[in-house]
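Text of start.txt (compact mmCIF, N, CA and C atoms) as supplied:
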# COMPACT_ATOMS: atom_id res chain seq x y z
N MET A 292 -3.72 6.46 0.87
CA MET A 292 -2.54 7.29 0.79
C MET A 292 -1.45 6.58 0.00
N ALA A 293 -1.30 5.28 0.23
CA ALA A 293 -0.25 4.53 -0.46
C ALA A 293 -0.46 4.56 -1.97
N GLU A 294 -1.70 4.46 -2.41
CA GLU A 294 -1.95 4.48 -3.85
C GLU A 294 -1.46 5.80 -4.46
N ALA A 295 -1.78 6.92 -3.85
CA ALA A 295 -1.36 8.22 -4.37
C ALA A 295 0.16 8.35 -4.38
N ILE A 296 0.80 7.91 -3.32
CA ILE A 296 2.26 7.99 -3.23
C ILE A 296 2.91 7.06 -4.25
N PHE A 297 2.41 5.85 -4.37
CA PHE A 297 2.99 4.91 -5.32
C PHE A 297 2.79 5.38 -6.76
N ARG A 298 1.65 5.94 -7.08
CA ARG A 298 1.44 6.45 -8.44
C ARG A 298 2.46 7.54 -8.75
N ALA A 299 2.71 8.42 -7.80
CA ALA A 299 3.66 9.51 -8.01
C ALA A 299 5.10 9.02 -8.08
N ARG A 300 5.45 8.05 -7.26
CA ARG A 300 6.86 7.65 -7.14
C ARG A 300 7.23 6.38 -7.89
N LEU A 301 6.26 5.51 -8.18
CA LEU A 301 6.57 4.22 -8.79
C LEU A 301 5.85 3.98 -10.11
N GLY A 302 5.17 4.99 -10.61
CA GLY A 302 4.42 4.83 -11.85
C GLY A 302 5.28 4.41 -13.02
N GLU A 303 6.55 4.76 -13.00
CA GLU A 303 7.45 4.38 -14.09
C GLU A 303 7.83 2.90 -14.03
N VAL A 304 7.69 2.28 -12.87
CA VAL A 304 8.09 0.88 -12.69
C VAL A 304 6.90 -0.07 -12.81
N PHE A 305 5.79 0.32 -12.22
CA PHE A 305 4.61 -0.54 -12.19
C PHE A 305 3.51 0.05 -13.08
N GLN A 306 3.04 -0.75 -14.03
CA GLN A 306 2.01 -0.27 -14.96
C GLN A 306 0.68 -0.03 -14.27
N THR A 307 0.34 -0.89 -13.33
CA THR A 307 -0.94 -0.78 -12.65
C THR A 307 -0.71 -0.67 -11.15
N ILE A 308 -1.27 0.38 -10.59
CA ILE A 308 -1.21 0.59 -9.14
C ILE A 308 -2.64 0.79 -8.67
N ALA A 309 -3.06 -0.02 -7.74
CA ALA A 309 -4.42 0.06 -7.22
C ALA A 309 -4.39 -0.22 -5.74
N SER A 310 -5.43 0.21 -5.05
CA SER A 310 -5.50 -0.08 -3.63
C SER A 310 -6.87 -0.64 -3.27
N ALA A 311 -6.85 -1.48 -2.27
CA ALA A 311 -8.07 -2.07 -1.71
C ALA A 311 -7.73 -2.47 -0.29
N GLY A 312 -8.75 -2.63 0.53
CA GLY A 312 -8.49 -2.92 1.92
C GLY A 312 -9.06 -4.24 2.38
N VAL A 313 -8.41 -4.81 3.36
CA VAL A 313 -8.90 -6.05 3.97
C VAL A 313 -10.20 -5.78 4.72
N HIS A 314 -10.25 -4.63 5.41
CA HIS A 314 -11.42 -4.27 6.21
C HIS A 314 -12.10 -3.02 5.68
N ALA A 315 -12.03 -2.76 4.39
CA ALA A 315 -12.57 -1.52 3.82
C ALA A 315 -14.08 -1.45 3.91
N ASP A 316 -14.56 -0.24 3.88
CA ASP A 316 -15.99 0.04 3.88
C ASP A 316 -16.65 -0.67 2.69
N PRO A 317 -17.59 -1.57 2.94
CA PRO A 317 -18.21 -2.31 1.84
C PRO A 317 -19.07 -1.44 0.94
N HIS A 318 -19.37 -0.22 1.38
CA HIS A 318 -20.21 0.68 0.59
C HIS A 318 -19.39 1.69 -0.20
N GLY A 319 -18.09 1.54 -0.21
CA GLY A 319 -17.25 2.43 -1.00
C GLY A 319 -17.14 3.83 -0.46
N GLY A 320 -16.67 3.94 0.78
CA GLY A 320 -16.56 5.24 1.42
C GLY A 320 -15.49 6.11 0.78
N PRO A 321 -15.62 7.42 0.96
CA PRO A 321 -14.62 8.36 0.41
C PRO A 321 -13.34 8.35 1.23
N VAL A 322 -12.31 8.96 0.68
CA VAL A 322 -11.04 9.10 1.40
C VAL A 322 -11.27 9.93 2.65
N ASP A 323 -10.63 9.58 3.73
CA ASP A 323 -10.70 10.34 4.97
C ASP A 323 -10.17 11.74 4.70
N ALA A 324 -10.89 12.74 5.15
CA ALA A 324 -10.51 14.14 4.91
C ALA A 324 -9.13 14.44 5.45
N ARG A 325 -8.76 13.83 6.59
CA ARG A 325 -7.43 14.06 7.17
C ARG A 325 -6.35 13.46 6.29
N ALA A 326 -6.63 12.32 5.68
CA ALA A 326 -5.67 11.70 4.76
C ALA A 326 -5.52 12.55 3.51
N ALA A 327 -6.63 13.04 2.97
CA ALA A 327 -6.57 13.90 1.78
C ALA A 327 -5.78 15.17 2.08
N ALA A 328 -6.00 15.76 3.25
CA ALA A 328 -5.28 16.98 3.62
C ALA A 328 -3.79 16.69 3.78
N ALA A 329 -3.45 15.56 4.39
CA ALA A 329 -2.03 15.20 4.55
C ALA A 329 -1.38 14.98 3.19
N LEU A 330 -2.07 14.30 2.29
CA LEU A 330 -1.53 14.10 0.94
C LEU A 330 -1.29 15.44 0.26
N ALA A 331 -2.24 16.35 0.39
CA ALA A 331 -2.08 17.67 -0.22
C ALA A 331 -0.89 18.42 0.38
N ARG A 332 -0.70 18.30 1.69
CA ARG A 332 0.45 18.95 2.34
C ARG A 332 1.77 18.43 1.80
N HIS A 333 1.77 17.19 1.35
CA HIS A 333 2.99 16.57 0.82
C HIS A 333 3.02 16.57 -0.70
N ASP A 334 2.14 17.34 -1.31
CA ASP A 334 2.08 17.52 -2.77
C ASP A 334 1.72 16.25 -3.54
N TYR A 335 0.84 15.44 -2.98
CA TYR A 335 0.30 14.28 -3.69
C TYR A 335 -1.17 14.56 -4.01
N ALA A 336 -1.58 14.07 -5.16
CA ALA A 336 -2.97 14.25 -5.56
C ALA A 336 -3.62 12.90 -5.80
N LEU A 337 -4.87 12.80 -5.44
CA LEU A 337 -5.65 11.62 -5.80
C LEU A 337 -6.12 11.83 -7.23
N GLU A 338 -5.79 10.91 -8.13
CA GLU A 338 -6.05 11.08 -9.55
C GLU A 338 -7.51 10.91 -9.94
N ARG A 339 -8.27 10.33 -9.08
CA ARG A 339 -9.68 10.07 -9.39
C ARG A 339 -10.50 10.27 -8.14
N LYS A 340 -11.79 10.26 -8.28
CA LYS A 340 -12.63 10.34 -7.10
C LYS A 340 -12.50 9.00 -6.39
N TRP A 341 -11.62 8.93 -5.45
CA TRP A 341 -11.24 7.69 -4.78
C TRP A 341 -12.37 7.22 -3.87
N ARG A 342 -12.68 5.93 -3.94
CA ARG A 342 -13.65 5.28 -3.06
C ARG A 342 -13.01 4.00 -2.56
N SER A 343 -13.24 3.68 -1.30
CA SER A 343 -12.68 2.46 -0.74
C SER A 343 -13.33 1.24 -1.36
N CYS A 344 -12.60 0.16 -1.37
CA CYS A 344 -13.15 -1.11 -1.83
C CYS A 344 -12.41 -2.23 -1.09
N ARG A 345 -13.07 -3.35 -0.97
CA ARG A 345 -12.46 -4.51 -0.31
C ARG A 345 -11.71 -5.36 -1.32
N VAL A 346 -10.67 -5.99 -0.84
CA VAL A 346 -9.91 -6.92 -1.68
C VAL A 346 -10.76 -8.15 -1.94
N GLU A 347 -10.82 -8.53 -3.20
CA GLU A 347 -11.51 -9.75 -3.61
C GLU A 347 -10.47 -10.80 -3.96
N PRO A 348 -10.74 -12.07 -3.66
CA PRO A 348 -9.74 -13.12 -3.91
C PRO A 348 -9.18 -13.14 -5.33
N GLU A 349 -10.01 -12.89 -6.34
CA GLU A 349 -9.52 -12.95 -7.72
C GLU A 349 -8.51 -11.84 -8.04
N GLN A 350 -8.53 -10.76 -7.27
CA GLN A 350 -7.55 -9.68 -7.48
C GLN A 350 -6.14 -10.12 -7.10
N LEU A 351 -6.02 -11.02 -6.19
CA LEU A 351 -4.72 -11.39 -5.64
C LEU A 351 -3.84 -12.14 -6.63
N GLY A 352 -4.42 -12.70 -7.66
CA GLY A 352 -3.65 -13.35 -8.71
C GLY A 352 -3.41 -12.45 -9.90
N ARG A 353 -4.03 -11.29 -9.90
CA ARG A 353 -3.96 -10.37 -11.03
C ARG A 353 -2.71 -9.50 -11.01
N TYR A 354 -2.14 -9.28 -9.84
CA TYR A 354 -1.02 -8.35 -9.71
C TYR A 354 0.28 -9.10 -9.40
N ASP A 355 1.40 -8.53 -9.87
CA ASP A 355 2.71 -9.12 -9.61
C ASP A 355 3.11 -8.98 -8.15
N LEU A 356 2.61 -7.95 -7.50
CA LEU A 356 3.00 -7.64 -6.14
C LEU A 356 1.78 -7.09 -5.40
N VAL A 357 1.52 -7.64 -4.22
CA VAL A 357 0.43 -7.17 -3.37
C VAL A 357 1.07 -6.80 -2.04
N LEU A 358 0.94 -5.53 -1.66
CA LEU A 358 1.59 -5.04 -0.46
C LEU A 358 0.57 -4.73 0.62
N ALA A 359 0.88 -5.15 1.83
CA ALA A 359 0.00 -4.92 2.97
C ALA A 359 0.70 -4.03 3.98
N MET A 360 -0.10 -3.30 4.73
CA MET A 360 0.45 -2.39 5.74
C MET A 360 0.73 -3.08 7.07
N GLU A 361 0.04 -4.17 7.34
CA GLU A 361 0.18 -4.87 8.62
C GLU A 361 0.36 -6.37 8.38
N ALA A 362 1.11 -7.01 9.27
CA ALA A 362 1.32 -8.45 9.17
C ALA A 362 -0.01 -9.21 9.21
N GLU A 363 -0.93 -8.72 10.01
CA GLU A 363 -2.26 -9.35 10.07
C GLU A 363 -2.95 -9.32 8.70
N HIS A 364 -2.72 -8.25 7.96
CA HIS A 364 -3.31 -8.14 6.62
C HIS A 364 -2.65 -9.12 5.65
N VAL A 365 -1.34 -9.31 5.78
CA VAL A 365 -0.65 -10.30 4.94
C VAL A 365 -1.28 -11.67 5.15
N GLN A 366 -1.49 -12.04 6.40
CA GLN A 366 -2.10 -13.34 6.72
C GLN A 366 -3.51 -13.43 6.15
N ALA A 367 -4.31 -12.39 6.31
CA ALA A 367 -5.68 -12.40 5.81
C ALA A 367 -5.71 -12.50 4.29
N LEU A 368 -4.80 -11.79 3.62
CA LEU A 368 -4.75 -11.84 2.17
C LEU A 368 -4.31 -13.21 1.67
N ARG A 369 -3.33 -13.81 2.34
CA ARG A 369 -2.88 -15.14 1.94
C ARG A 369 -3.97 -16.19 2.13
N LYS A 370 -4.84 -16.00 3.12
CA LYS A 370 -5.97 -16.92 3.30
C LYS A 370 -6.95 -16.82 2.14
N LYS A 371 -7.08 -15.62 1.57
CA LYS A 371 -7.99 -15.40 0.44
C LYS A 371 -7.39 -15.86 -0.89
N ALA A 372 -6.07 -15.86 -0.97
CA ALA A 372 -5.37 -16.12 -2.24
C ALA A 372 -5.14 -17.60 -2.48
N ALA A 373 -5.03 -17.95 -3.74
CA ALA A 373 -4.61 -19.30 -4.11
C ALA A 373 -3.16 -19.48 -3.64
N PRO A 374 -2.79 -20.70 -3.24
CA PRO A 374 -1.43 -20.92 -2.71
C PRO A 374 -0.31 -20.44 -3.64
N GLU A 375 -0.50 -20.54 -4.93
CA GLU A 375 0.56 -20.12 -5.86
C GLU A 375 0.78 -18.59 -5.87
N HIS A 376 -0.11 -17.85 -5.24
CA HIS A 376 0.02 -16.39 -5.19
C HIS A 376 0.53 -15.87 -3.84
N HIS A 377 0.76 -16.76 -2.89
CA HIS A 377 1.18 -16.33 -1.55
C HIS A 377 2.49 -15.56 -1.56
N ALA A 378 3.44 -15.94 -2.40
CA ALA A 378 4.77 -15.32 -2.40
C ALA A 378 4.73 -13.86 -2.86
N ARG A 379 3.70 -13.47 -3.59
CA ARG A 379 3.62 -12.09 -4.08
C ARG A 379 2.93 -11.15 -3.08
N ILE A 380 2.45 -11.70 -1.97
CA ILE A 380 1.78 -10.90 -0.94
C ILE A 380 2.79 -10.63 0.17
N LEU A 381 3.21 -9.38 0.29
CA LEU A 381 4.29 -9.01 1.20
C LEU A 381 3.90 -7.83 2.08
N LEU A 382 4.63 -7.65 3.13
CA LEU A 382 4.48 -6.50 4.01
C LEU A 382 5.27 -5.34 3.40
N LEU A 383 4.65 -4.20 3.29
CA LEU A 383 5.29 -3.04 2.66
C LEU A 383 6.64 -2.71 3.30
N THR A 384 6.74 -2.79 4.59
CA THR A 384 7.99 -2.43 5.27
C THR A 384 9.12 -3.42 5.03
N ASP A 385 8.83 -4.58 4.47
CA ASP A 385 9.89 -5.55 4.20
C ASP A 385 10.90 -5.04 3.18
N PHE A 386 10.57 -3.96 2.48
CA PHE A 386 11.50 -3.38 1.51
C PHE A 386 12.43 -2.36 2.15
N VAL A 387 12.22 -2.07 3.43
CA VAL A 387 13.04 -1.10 4.16
C VAL A 387 13.80 -1.88 5.23
N PRO A 388 15.10 -2.12 5.05
CA PRO A 388 15.82 -3.00 5.97
C PRO A 388 15.61 -2.70 7.45
N GLU A 389 15.67 -1.43 7.86
CA GLU A 389 15.51 -1.12 9.28
C GLU A 389 14.06 -1.16 9.75
N MET A 390 13.12 -1.35 8.85
CA MET A 390 11.70 -1.43 9.22
C MET A 390 11.10 -2.81 8.94
N ALA A 391 11.90 -3.72 8.40
CA ALA A 391 11.38 -5.03 7.98
C ALA A 391 10.59 -5.70 9.10
N GLY A 392 9.42 -6.17 8.74
CA GLY A 392 8.55 -6.88 9.68
C GLY A 392 7.67 -5.99 10.52
N GLN A 393 7.86 -4.68 10.45
CA GLN A 393 7.05 -3.75 11.24
C GLN A 393 5.77 -3.38 10.50
N ASP A 394 4.71 -3.19 11.26
CA ASP A 394 3.47 -2.71 10.69
C ASP A 394 3.54 -1.20 10.46
N ILE A 395 2.84 -0.72 9.46
CA ILE A 395 2.62 0.71 9.30
C ILE A 395 1.32 0.98 10.05
N PRO A 396 1.36 1.82 11.06
CA PRO A 396 0.17 2.02 11.89
C PRO A 396 -0.96 2.70 11.14
N ASP A 397 -2.18 2.34 11.51
CA ASP A 397 -3.36 2.97 10.94
C ASP A 397 -3.58 4.27 11.70
N PRO A 398 -3.49 5.42 11.03
CA PRO A 398 -3.61 6.70 11.73
C PRO A 398 -5.05 7.12 12.01
N TYR A 399 -6.00 6.35 11.59
CA TYR A 399 -7.42 6.73 11.65
C TYR A 399 -7.88 7.18 13.03
N PHE A 400 -7.48 6.47 14.07
CA PHE A 400 -7.96 6.79 15.42
C PHE A 400 -7.01 7.69 16.21
N GLY A 401 -5.95 8.15 15.58
CA GLY A 401 -4.99 9.00 16.27
C GLY A 401 -5.06 10.44 15.82
N PRO A 402 -4.05 11.22 16.21
CA PRO A 402 -4.02 12.63 15.86
C PRO A 402 -3.68 12.83 14.38
N VAL A 403 -3.95 14.02 13.88
CA VAL A 403 -3.69 14.36 12.48
C VAL A 403 -2.23 14.10 12.10
N ALA A 404 -1.32 14.36 13.03
CA ALA A 404 0.10 14.16 12.75
C ALA A 404 0.42 12.72 12.36
N GLY A 405 -0.41 11.79 12.79
CA GLY A 405 -0.20 10.39 12.43
C GLY A 405 -0.27 10.16 10.93
N PHE A 406 -1.10 10.92 10.24
CA PHE A 406 -1.22 10.78 8.79
C PHE A 406 0.08 11.20 8.11
N ASP A 407 0.68 12.28 8.60
CA ASP A 407 1.95 12.73 8.05
C ASP A 407 3.06 11.72 8.32
N ALA A 408 3.06 11.14 9.51
CA ALA A 408 4.06 10.12 9.85
C ALA A 408 3.93 8.90 8.94
N VAL A 409 2.71 8.48 8.68
CA VAL A 409 2.47 7.33 7.81
C VAL A 409 2.91 7.64 6.38
N ILE A 410 2.65 8.86 5.93
CA ILE A 410 3.12 9.23 4.59
C ILE A 410 4.64 9.08 4.52
N GLY A 411 5.35 9.51 5.54
CA GLY A 411 6.81 9.35 5.55
C GLY A 411 7.24 7.90 5.47
N MET A 412 6.54 7.03 6.18
CA MET A 412 6.86 5.60 6.14
C MET A 412 6.60 5.02 4.76
N ILE A 413 5.49 5.39 4.16
CA ILE A 413 5.15 4.88 2.83
C ILE A 413 6.14 5.41 1.79
N GLU A 414 6.52 6.67 1.92
CA GLU A 414 7.52 7.24 1.00
C GLU A 414 8.84 6.48 1.10
N ARG A 415 9.24 6.17 2.32
CA ARG A 415 10.50 5.43 2.50
C ARG A 415 10.42 4.04 1.87
N ALA A 416 9.32 3.36 2.08
CA ALA A 416 9.15 2.04 1.49
C ALA A 416 9.12 2.13 -0.04
N ALA A 417 8.45 3.13 -0.58
CA ALA A 417 8.40 3.31 -2.03
C ALA A 417 9.80 3.57 -2.59
N GLN A 418 10.58 4.39 -1.89
CA GLN A 418 11.94 4.70 -2.30
C GLN A 418 12.79 3.43 -2.35
N ASP A 419 12.71 2.63 -1.29
CA ASP A 419 13.52 1.41 -1.24
C ASP A 419 13.03 0.37 -2.24
N LEU A 420 11.74 0.29 -2.46
CA LEU A 420 11.19 -0.61 -3.47
C LEU A 420 11.68 -0.20 -4.85
N LEU A 421 11.70 1.08 -5.13
CA LEU A 421 12.20 1.58 -6.41
C LEU A 421 13.68 1.24 -6.58
N LYS A 422 14.48 1.43 -5.54
CA LYS A 422 15.91 1.10 -5.60
C LYS A 422 16.11 -0.37 -5.91
N GLN A 423 15.36 -1.23 -5.23
CA GLN A 423 15.50 -2.67 -5.46
C GLN A 423 15.08 -3.04 -6.87
N SER A 424 14.04 -2.41 -7.36
CA SER A 424 13.58 -2.68 -8.72
C SER A 424 14.63 -2.26 -9.74
N ARG A 425 15.15 -1.06 -9.59
CA ARG A 425 16.16 -0.56 -10.53
C ARG A 425 17.45 -1.37 -10.49
N ALA A 426 17.77 -1.92 -9.33
CA ALA A 426 18.98 -2.73 -9.17
C ALA A 426 18.76 -4.18 -9.61
N GLY A 427 17.53 -4.51 -10.00
CA GLY A 427 17.23 -5.88 -10.43
C GLY A 427 17.11 -6.86 -9.30
N ARG A 428 16.95 -6.36 -8.07
CA ARG A 428 16.85 -7.25 -6.90
C ARG A 428 15.42 -7.57 -6.52
N LEU A 429 14.48 -6.99 -7.20
CA LEU A 429 13.07 -7.23 -6.88
C LEU A 429 12.61 -8.49 -7.58
N ARG A 430 12.24 -9.47 -6.79
CA ARG A 430 11.77 -10.75 -7.32
C ARG A 430 10.27 -10.83 -7.04
N LEU A 431 9.49 -10.80 -8.08
CA LEU A 431 8.05 -10.82 -7.92
C LEU A 431 7.52 -12.25 -7.96
N GLY A 432 6.49 -12.48 -7.12
CA GLY A 432 5.90 -13.82 -7.01
C GLY A 432 5.12 -14.24 -8.20
Whole structure, structure tokens version:
Amino acid sequence: MAEAIFRARLGEVFQTIASAGVHADPHGGPVDARAAAALARHDYALERKWRSCRVEPEQLGRYDLVLAMEAEHVQALRKKAAPEHHARILLLTDFVPEMAGQDIPDPYFGPVAGFDAVIGMIERAAQDLLKQSRAGRLRLG
């Protein structure tokens, strides 16, 4: 969901937007139907036939910014990354002052409404990230 939202809202700022998971399906599973439906309800489209993939260590040095949904994921990604890339691996909510340090919950095991709630959280983080970028306050690792 974050990839679709970021492409729509931050494509003008970031040349490359991609997503991968710490615990993603190693066989490249499709997007969850509930997530796709929630994205459609919020007028977001997946630009390609999206398949899950796991984060590989070499990817972590390729991007200026690597955002995680949960603090546990930040720790796992930093363990995979070379030390010089640790500063670019951040929690997505750290860009939203009133949400800083909070995890974005995984809606997979909850009700459908959880997907809509997560979209709202991601939209807020994208909005604040865009503001910081435009104001020149975004310092990339």
Given the choices A:Met390, A:Thr384, A:Val403, A:Ala309, which gets closest to Ile296 (chain A) if the distance is worked out from only C-alpha atoms?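 The shortest atom-to-atom distance to Ile296 (chain A) comes from A:Ala309.
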Could you state the separation of atom N of Gly320 (chain A) and CA of Gly352 (chain A) in Å, given to one decimal place?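 A separation of 23.6 Å between them.
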Can you measure CA of Ala372 (chain A) to CA of Ser424 (chain A) for me? One decimal in Å is fine.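 That distance, rounded to one decimal, is 24.1 Å.
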Do you know which residues are at most 8 Å from Arg369 (chain A) counting only N, CA and C atoms, after dropping those on the same chain fewer than 6 positions away, and could you put them as a list in words? Glu363, His376, His377, Ala378 and Ile380 of chain A
Under the rule that all atoms listed in the file are counted, which of A:Arg298, A:Arg332, A:His314, A:Lys370 is the nearest residue to Cys344 (chain A)? A:His314
Find, counting only N, CA and C atoms, the residue in A:Ala315, A:Leu381, A:Ala329, A:Leu351 that gets nearest to Phe406 (chain A).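 Checking each of A:Ala315, A:Leu381, A:Ala329, A:Leu351 against Phe406 (chain A), counting only N, CA and C atoms, the winner is A:Ala329.
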From A:Asp419, A:Asp316, A:Asp407, A:Glu361, residue lying nearest Arg342 (chain A) [all atoms listed in the file]: A:Asp316
Strand (DSSP E or B) residues, from DSSP on the backbone, in region 295-427 of chain A, as JSON, numbers by chain: {"A": [312, 321, 342, 345, 357, 358, 359, 380, 381, 382]}
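Nearest to Gly405 (chain A) of all the residues A:Leu382, A:Ala326, A:Pro374, A:Ala295 is A:Ala326, based on only C-alpha atoms.
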Residue among A:Val387, A:Ala327, A:Phe400, A:Gly427 lying closest to Arg415 (chain A), counting only N, CA and C atoms: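 Going through A:Val387, A:Ala327, A:Phe400, A:Gly427 one by one, the smallest distance to Arg415 (chain A) is for A:Val387.
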Atom C of Tyr354 (chain A) to atom C of Gln393 (chain A) measures 21.4 Å
As a PyMOL selection string, which residues of chain A does DSSP assign to alpha helix (DSSP H)? chain A and resi 293-301+324-332+362-371+404-425
